[in-house]
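> You'll find coords.txt just under this line, and it carries compact mmCIF, C-alpha atoms and all ligand atoms.
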# COMPACT_ATOMS: atom_id res chain seq x y z
CA MET M 55 13.61 17.16 -10.19
CA GLN M 56 15.44 14.20 -8.61
CA LYS M 57 13.09 11.97 -6.66
CA PHE M 58 13.52 12.03 -2.88
CA LYS M 59 12.61 9.58 -0.12
CA THR M 60 10.57 10.91 2.75
CA LYS M 61 8.66 9.72 5.77
CA ILE M 62 6.84 13.03 6.01
CA ILE M 63 3.49 12.21 4.46
CA PHE M 64 0.01 13.70 4.81
CA PRO M 65 -2.37 10.82 4.00
CA ILE M 66 -5.73 11.59 2.41
CA PHE M 67 -8.03 8.59 2.19
CA ILE M 68 -10.24 8.44 -0.88
CA PRO M 69 -11.97 5.10 -0.20
CA HIS M 70 -12.56 3.06 -3.38
CA VAL M 71 -12.30 6.12 -5.62
CA GLY M 72 -11.40 4.80 -9.08
CA CYS M 73 -11.56 1.11 -8.11
CA PRO M 74 -12.81 -0.92 -11.08
CA PHE M 75 -14.54 -3.34 -8.67
CA GLN M 76 -14.41 -4.28 -5.00
CA CYS M 77 -11.70 -6.86 -4.40
CA ILE M 78 -12.74 -9.95 -2.45
CA PHE M 79 -10.84 -8.97 0.70
CA CYS M 80 -11.25 -5.20 0.64
CA ASP M 81 -13.54 -2.66 2.22
CA GLN M 82 -11.73 0.66 2.44
CA HIS M 83 -14.58 2.25 4.41
CA HIS M 84 -13.98 -0.28 7.19
CA ILE M 85 -10.18 -0.07 6.88
CA THR M 86 -10.04 3.72 7.00
CA ASN M 87 -13.09 4.13 9.24
CA GLN M 88 -14.17 6.85 6.84
CA LYS M 89 -17.27 7.29 4.68
CA GLU M 90 -16.90 10.71 3.07
CA ILE M 91 -13.99 12.94 2.07
CA ASP M 92 -14.44 16.20 3.97
CA TRP M 93 -12.36 18.73 1.99
CA ASP M 94 -13.36 21.59 4.30
CA VAL M 95 -11.50 19.82 7.08
CA ILE M 96 -8.66 18.36 4.99
CA ILE M 97 -7.54 21.45 3.07
CA PRO M 98 -6.66 23.62 6.13
CA GLN M 99 -4.88 20.61 7.65
CA VAL M 100 -2.78 20.21 4.50
CA GLN M 101 -1.94 23.92 4.60
CA LYS M 102 -0.63 23.50 8.17
CA PHE M 103 1.31 20.40 7.11
CA ILE M 104 2.98 22.35 4.31
CA ASP M 105 3.75 25.36 6.48
CA LYS M 106 5.23 23.29 9.29
CA THR M 107 8.55 22.42 7.68
CA ASN M 108 10.79 23.20 4.76
CA GLU M 109 11.73 19.56 4.33
CA TYR M 110 10.68 17.54 1.31
CA LYS M 111 7.29 15.95 1.93
CA GLU M 112 4.31 14.33 0.19
CA ILE M 113 0.55 14.68 0.14
CA ALA M 114 -0.73 11.14 -0.43
CA PHE M 115 -3.95 9.84 -1.95
CA PHE M 116 -4.57 6.40 -0.46
CA GLY M 117 -7.40 3.87 -0.36
CA GLY M 118 -8.48 3.92 -3.99
CA THR M 119 -7.19 3.28 -7.50
CA PHE M 120 -6.05 6.77 -8.33
CA THR M 121 -4.92 6.17 -11.91
CA CYS M 122 -8.19 4.51 -12.91
CA LEU M 123 -9.74 7.96 -12.67
CA GLY M 124 -10.01 10.00 -15.86
CA ARG M 125 -7.36 12.65 -16.50
CA GLU M 126 -9.75 15.47 -15.52
CA GLU M 127 -10.71 13.78 -12.27
CA MET M 128 -7.08 13.16 -11.30
CA LEU M 129 -6.33 16.77 -12.08
CA GLU M 130 -9.15 17.92 -9.79
CA TYR M 131 -7.41 16.22 -6.86
CA PHE M 132 -4.07 17.87 -7.62
CA LEU M 133 -5.65 21.27 -8.26
CA LYS M 134 -7.25 21.35 -4.81
CA PHE M 135 -3.74 22.07 -3.48
CA LYS M 136 -2.40 24.14 -6.37
CA ASP M 137 -2.33 27.44 -4.47
CA MET M 138 -0.57 26.07 -1.41
CA ILE M 139 2.05 23.75 -2.90
CA ASP M 140 5.59 24.99 -2.27
CA ALA M 141 8.96 23.85 -3.62
CA TYR M 142 9.22 21.12 -0.96
CA THR M 143 5.79 19.53 -1.39
CA TYR M 144 5.08 16.67 -3.79
CA PHE M 145 2.45 13.95 -4.15
CA ARG M 146 2.22 10.21 -3.54
CA ILE M 147 -0.55 8.07 -4.99
CA SER M 148 -1.64 4.44 -4.65
CA THR M 149 -3.05 2.38 -7.47
CA ARG M 150 -3.27 -1.08 -9.06
CA PRO M 151 -0.54 -2.56 -11.29
CA ASP M 152 -2.96 -2.87 -14.21
CA ALA M 153 -3.67 0.86 -14.10
CA ILE M 154 -0.18 1.99 -15.13
CA SER M 155 0.87 3.14 -18.60
CA SER M 156 3.49 5.49 -20.08
CA ASP M 157 0.78 8.07 -20.63
CA ILE M 158 -0.32 7.96 -17.02
CA LEU M 159 3.25 8.04 -15.72
CA ASN M 160 4.06 11.09 -17.83
CA PHE M 161 0.95 12.79 -16.52
CA LEU M 162 1.83 11.97 -12.89
CA LYS M 163 5.34 13.36 -13.43
CA SER M 164 3.86 16.60 -14.69
CA GLN M 165 1.79 16.85 -11.48
CA LYS M 166 4.72 16.53 -9.04
CA VAL M 167 4.09 12.92 -8.06
CA ASN M 168 7.22 11.57 -6.35
CA THR M 169 6.13 8.12 -5.14
CA ILE M 170 3.77 5.49 -6.56
CA GLU M 171 2.42 2.73 -4.34
CA LEU M 172 1.33 -0.34 -6.24
CA GLY M 173 -1.20 -2.63 -4.57
CA VAL M 174 0.44 -5.66 -6.13
CA GLN M 175 -0.86 -7.92 -3.32
CA SER M 176 1.03 -10.95 -4.67
CA PHE M 177 3.66 -12.03 -7.19
CA SER M 178 2.12 -15.51 -7.40
CA ASP M 179 -0.33 -16.34 -10.19
CA LYS M 180 -1.93 -18.94 -7.93
CA GLU M 181 -2.74 -16.33 -5.29
CA LEU M 182 -3.69 -13.62 -7.78
CA SER M 183 -6.17 -15.85 -9.54
CA ALA M 184 -7.57 -17.20 -6.23
CA CYS M 185 -8.39 -13.65 -5.17
CA LYS M 186 -9.59 -12.66 -8.66
CA ARG M 187 -7.38 -9.59 -8.90
CA GLY M 188 -7.71 -9.42 -12.67
CA TYR M 189 -3.99 -9.36 -13.62
CA ASP M 190 -1.09 -11.77 -13.49
CA VAL M 191 2.50 -11.75 -12.29
CA VAL M 192 3.83 -10.57 -15.66
CA ASN M 193 1.53 -7.51 -15.50
CA ALA M 194 2.58 -6.84 -11.91
CA MET M 195 6.31 -7.12 -12.65
CA ASN M 196 5.98 -4.95 -15.76
CA ALA M 197 4.12 -2.26 -13.83
CA CYS M 198 6.84 -2.20 -11.15
CA GLY M 199 9.54 -1.95 -13.82
CA HIS M 200 7.62 0.80 -15.59
CA VAL M 201 7.30 2.90 -12.42
CA LYS M 202 11.03 2.54 -11.75
CA LEU M 203 11.94 3.31 -15.34
CA TYR M 204 10.11 6.65 -15.05
CA ASP M 205 12.15 7.36 -11.92
CA PHE M 206 9.39 7.43 -9.32
CA ASN M 207 9.91 5.90 -5.89
CA LEU M 208 8.16 2.54 -5.99
CA CYS M 209 6.31 1.16 -2.97
CA VAL M 210 5.01 -2.42 -3.29
CA GLN M 211 2.09 -3.46 -1.11
CA LEU M 212 1.74 -7.21 -0.47
CA LEU M 213 -0.91 -9.26 1.29
CA ILE M 214 0.31 -12.16 3.41
CA GLY M 215 -2.06 -15.12 3.82
CA LEU M 216 -4.13 -14.83 0.63
CA PRO M 217 -6.24 -17.83 -0.42
CA GLN M 218 -3.94 -20.53 -1.88
CA ALA M 219 -0.86 -19.07 -0.18
CA ASP M 220 1.77 -21.62 0.79
CA SER M 221 5.54 -21.81 1.22
CA ASP M 222 6.05 -21.86 -2.56
CA THR M 223 4.00 -18.71 -3.13
CA TYR M 224 5.88 -16.93 -0.33
CA ASP M 225 9.17 -17.95 -1.97
CA GLN M 226 7.91 -16.55 -5.30
CA ASN M 227 6.99 -13.28 -3.62
CA ILE M 228 10.35 -12.98 -1.92
CA HIS M 229 12.16 -13.83 -5.14
CA SER M 230 10.21 -11.15 -7.06
CA LEU M 231 10.98 -8.52 -4.43
CA LYS M 232 14.69 -9.31 -4.78
CA ILE M 233 14.46 -8.80 -8.54
CA ILE M 234 12.41 -5.60 -8.41
CA LYS M 235 14.10 -4.08 -5.39
CA PRO M 236 11.36 -1.52 -4.69
CA ASP M 237 12.18 1.55 -2.61
CA PHE M 238 9.53 0.67 -0.05
CA VAL M 239 7.37 -2.29 0.91
CA ARG M 240 4.21 -2.55 2.96
CA LEU M 241 3.25 -5.99 4.30
CA TYR M 242 -0.34 -6.58 5.32
CA PRO M 243 -1.37 -9.91 6.86
CA LEU M 244 -4.80 -10.64 5.41
CA ILE M 245 -7.71 -9.89 7.75
CA VAL M 246 -11.28 -11.06 7.10
CA LEU M 247 -13.43 -7.95 7.03
CA LYS M 248 -17.21 -7.71 7.26
CA ASP M 249 -19.17 -7.28 4.02
CA THR M 250 -16.53 -8.85 1.80
CA ILE M 251 -16.52 -11.97 -0.35
CA LEU M 252 -13.67 -13.21 1.84
CA GLU M 253 -16.07 -13.14 4.79
CA GLU M 254 -18.45 -15.42 2.86
CA MET M 255 -15.56 -17.73 1.98
CA TYR M 256 -14.51 -17.82 5.62
CA ARG M 257 -18.02 -18.54 6.87
CA ASP M 258 -18.44 -21.28 4.22
CA GLY M 259 -15.15 -22.87 5.34
CA ASP M 260 -13.41 -22.02 2.04
CA TYR M 261 -10.83 -19.70 3.60
CA GLN M 262 -8.81 -20.03 6.78
CA PRO M 263 -6.84 -16.95 7.89
CA LEU M 264 -3.33 -17.22 9.30
CA SER M 265 -2.91 -17.39 13.05
CA ILE M 266 -1.18 -14.33 14.52
CA GLU M 267 1.92 -16.44 15.26
CA LYS M 268 2.15 -17.71 11.69
CA ALA M 269 1.57 -14.24 10.22
CA ILE M 270 4.38 -12.85 12.40
CA GLU M 271 6.68 -15.70 11.40
CA ILE M 272 6.07 -15.20 7.66
CA CYS M 273 6.40 -11.42 7.84
CA ALA M 274 9.67 -11.82 9.79
CA MET M 275 10.94 -13.94 6.88
CA PHE M 276 10.01 -11.18 4.40
CA TYR M 277 11.46 -8.54 6.69
CA GLN M 278 14.76 -10.39 6.97
CA MET M 279 15.07 -10.58 3.19
CA CYS M 280 14.20 -6.89 2.79
CA GLU M 281 16.83 -5.92 5.38
CA LYS M 282 19.40 -8.03 3.54
CA TYR M 283 18.62 -6.40 0.18
CA ASP M 284 18.28 -2.90 1.59
CA ILE M 285 14.55 -2.64 0.87
CA ASN M 286 12.78 -0.32 3.29
CA VAL M 287 9.74 -1.97 4.94
CA ILE M 288 7.64 1.03 5.95
CA LYS M 289 4.59 -0.74 7.34
CA MET M 290 3.62 -4.18 8.63
CA GLY M 291 0.02 -4.77 9.67
CA LEU M 292 -3.02 -2.56 9.35
CA HIS M 293 -3.10 0.75 11.22
CA GLY M 294 -5.04 1.31 14.44
CA ASP M 295 -7.80 3.43 12.82
CA ILE M 296 -9.53 0.38 11.37
CA SER M 297 -13.08 -0.19 12.69
CA LYS M 298 -12.43 -3.09 15.08
CA ASP M 299 -16.07 -4.22 14.95
CA LYS M 300 -15.62 -4.84 11.21
CA ILE M 301 -12.89 -7.44 11.76
CA VAL M 302 -14.41 -10.92 11.45
CA ALA M 303 -11.23 -12.98 11.80
CA GLY M 304 -7.52 -12.97 11.08
CA PRO M 305 -4.17 -11.90 12.51
CA TYR M 306 -4.89 -8.30 13.52
CA HIS M 307 -2.74 -6.75 16.24
CA GLU M 308 -2.26 -3.03 16.84
CA ARG M 309 1.49 -3.54 17.32
CA PHE M 310 1.90 -6.15 14.59
CA GLY M 311 5.01 -4.52 13.10
CA GLU M 312 6.77 -4.40 16.47
CA LEU M 313 6.06 -8.10 17.04
CA VAL M 314 7.55 -8.96 13.66
CA LYS M 315 10.70 -6.93 14.34
CA LYS M 316 11.04 -8.59 17.76
CA LEU M 317 10.96 -12.04 16.17
CA TYR M 318 13.36 -10.93 13.44
CA LEU M 319 15.88 -9.75 16.07
CA LYS M 320 15.46 -12.96 18.06
CA ASN M 321 16.04 -15.08 14.95
CA LYS M 322 19.09 -12.99 14.10
CA GLU M 323 20.52 -13.45 17.57
CA PHE M 324 20.12 -17.23 17.37
CA SER M 325 21.56 -17.48 13.89
CA GLY M 326 24.69 -15.73 15.18
S1 LIG V 401 -7.76 -3.67 -3.01
FE1 LIG V 401 -7.35 -1.75 -4.05
S2 LIG V 401 -8.38 -2.01 -6.04
FE2 LIG V 401 -9.23 -3.55 -4.70
S3 LIG V 401 -11.07 -2.60 -3.86
FE3 LIG V 401 -9.39 -2.24 -2.40
S4 LIG V 401 -8.57 -0.25 -2.93
FE4 LIG V 401 -9.79 -0.93 -4.67
Any chance you could give the structure as structure tokens?
Ligand code: SF4

Amino acid sequence: MQKFKTKIIFPIFIPHVGCPFQCIFCDQHHITNQKEIDWDVIIPQVQKFIDKTNEYKEIAFFGGTFTCLGREEMLEYFLKFKDMIDAYTYFRISTRPDAISSDILNFLKSQKVNTIELGVQSFSDKELSACKRGYDVVNAMNACGHVKLYDFNLCVQLLIGLPQADSDTYDQNIHSLKIIKPDFVRLYPLIVLKDTILEEMYRDGDYQPLSIEKAIEICAMFYQMCEKYDINVIKMGLHGDISKDKIVAGPYHERFGELVKKLYLKNKEFSG
């Protein structure tokens, strides 16, 4: 099967499932506004989603580190939909770059996975070590290359405004994107969420989030490069489902992506 690109996705949030630890900035329960996975609700919804159209589409497992699960556990997720999957329905999963191997990729192929989203977060060692991600740029680049080599769509997720971020780290990130040329990119300006280590850092004065203006400006720079290199930016900014009372600080705006595109167009107009 040739891979296909689609915007028709049914997202299933599996908060922190498989995560080896909680990253300093992350709380998927706050981000997704979801505590439990209610399969009794989800499964009939997926059936409707499948029945609705004969176009190629994906059921997506987001919000965790899917490939850090054991083989049997991953299989359980796929098998939930075994009886309803038709010829047009495939899967999309999100995971960490250090949870990719040939073995895992072969397994995902055998389970009709079409797209892999890698929560790379940064292609700068300075930023990766400041947020204690547990891998370096070489690991991240290798994982991206590996996913492409196995002919999956690759979506790279990046965080803008990580601790230690500066113009050099943004340049490194942009340069890496040009080299990798992923199929899709998601850009998330970093928000300080309640109950995270980042919140402690912020309250202790060890972390200062970007202003909304700066976050828009930086994302517009990334967006411009992606447009130039034909890289599809599918999301900028966190979605509107996030629990607003869990946001401590940072450049959150419900229409963040629109604001970035507006600035991008304005910049384009002025640069002739
Ligand atoms: S950033 Fe990814 S790996 Fe880290 S806790 Fe959140 S979902 Fe898990």
> Would you mind reading off the distance between CA of Ile158 (chain M) and CA of Cys185 (chain M), one decimal, in Å?
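Distance reported for this atom pair: 25.9 Å.
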> Residues up to 9 Å from ligand LIG 401 (chain V), counting only C-alpha atoms and all ligand atoms: could you list those as an NGL selection string?
:M and (69-82 or 116-119 or 148-150 or 173-175 or 187)
> Find the spatial neighbours of region 317-321 of chain M, counting all atoms listed in the file, within a cut-off of 12 Å - ignore same-chain residues fewer than 2 positions away - and output them as a ChimeraX atom specification.
/M:267-282,310-315,323-326
> Near Met138 (chain M), within 12 Å and counting only C-alpha atoms, which residues show up once chain neighbours fewer than 2 positions away are dropped, as a PyMOL selection string?
chain M and resi 97-105+113+132-136+140-144
> So what do you get for CA of Asp190 (chain M) versus CA of Ala219 (chain M), distance-wise?
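Result for CA of Asp190 (chain M) versus CA of Ala219 (chain M): 15.2 Å, one decimal.
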> Determine the nearest neighbour of Phe161 (chain M) from the options M:Lys111, M:Lys180, M:Arg125, M:His83, counting all atoms listed in the file.
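Of M:Lys111, M:Lys180, M:Arg125, M:His83, the one nearest Phe161 (chain M), counting all atoms listed in the file, is M:Arg125.
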> So how many Å separate CA of Ser155 (chain M) and CA of Gly188 (chain M), to one decimal?
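Result for CA of Ser155 (chain M) versus CA of Gly188 (chain M): 16.3 Å, one decimal.
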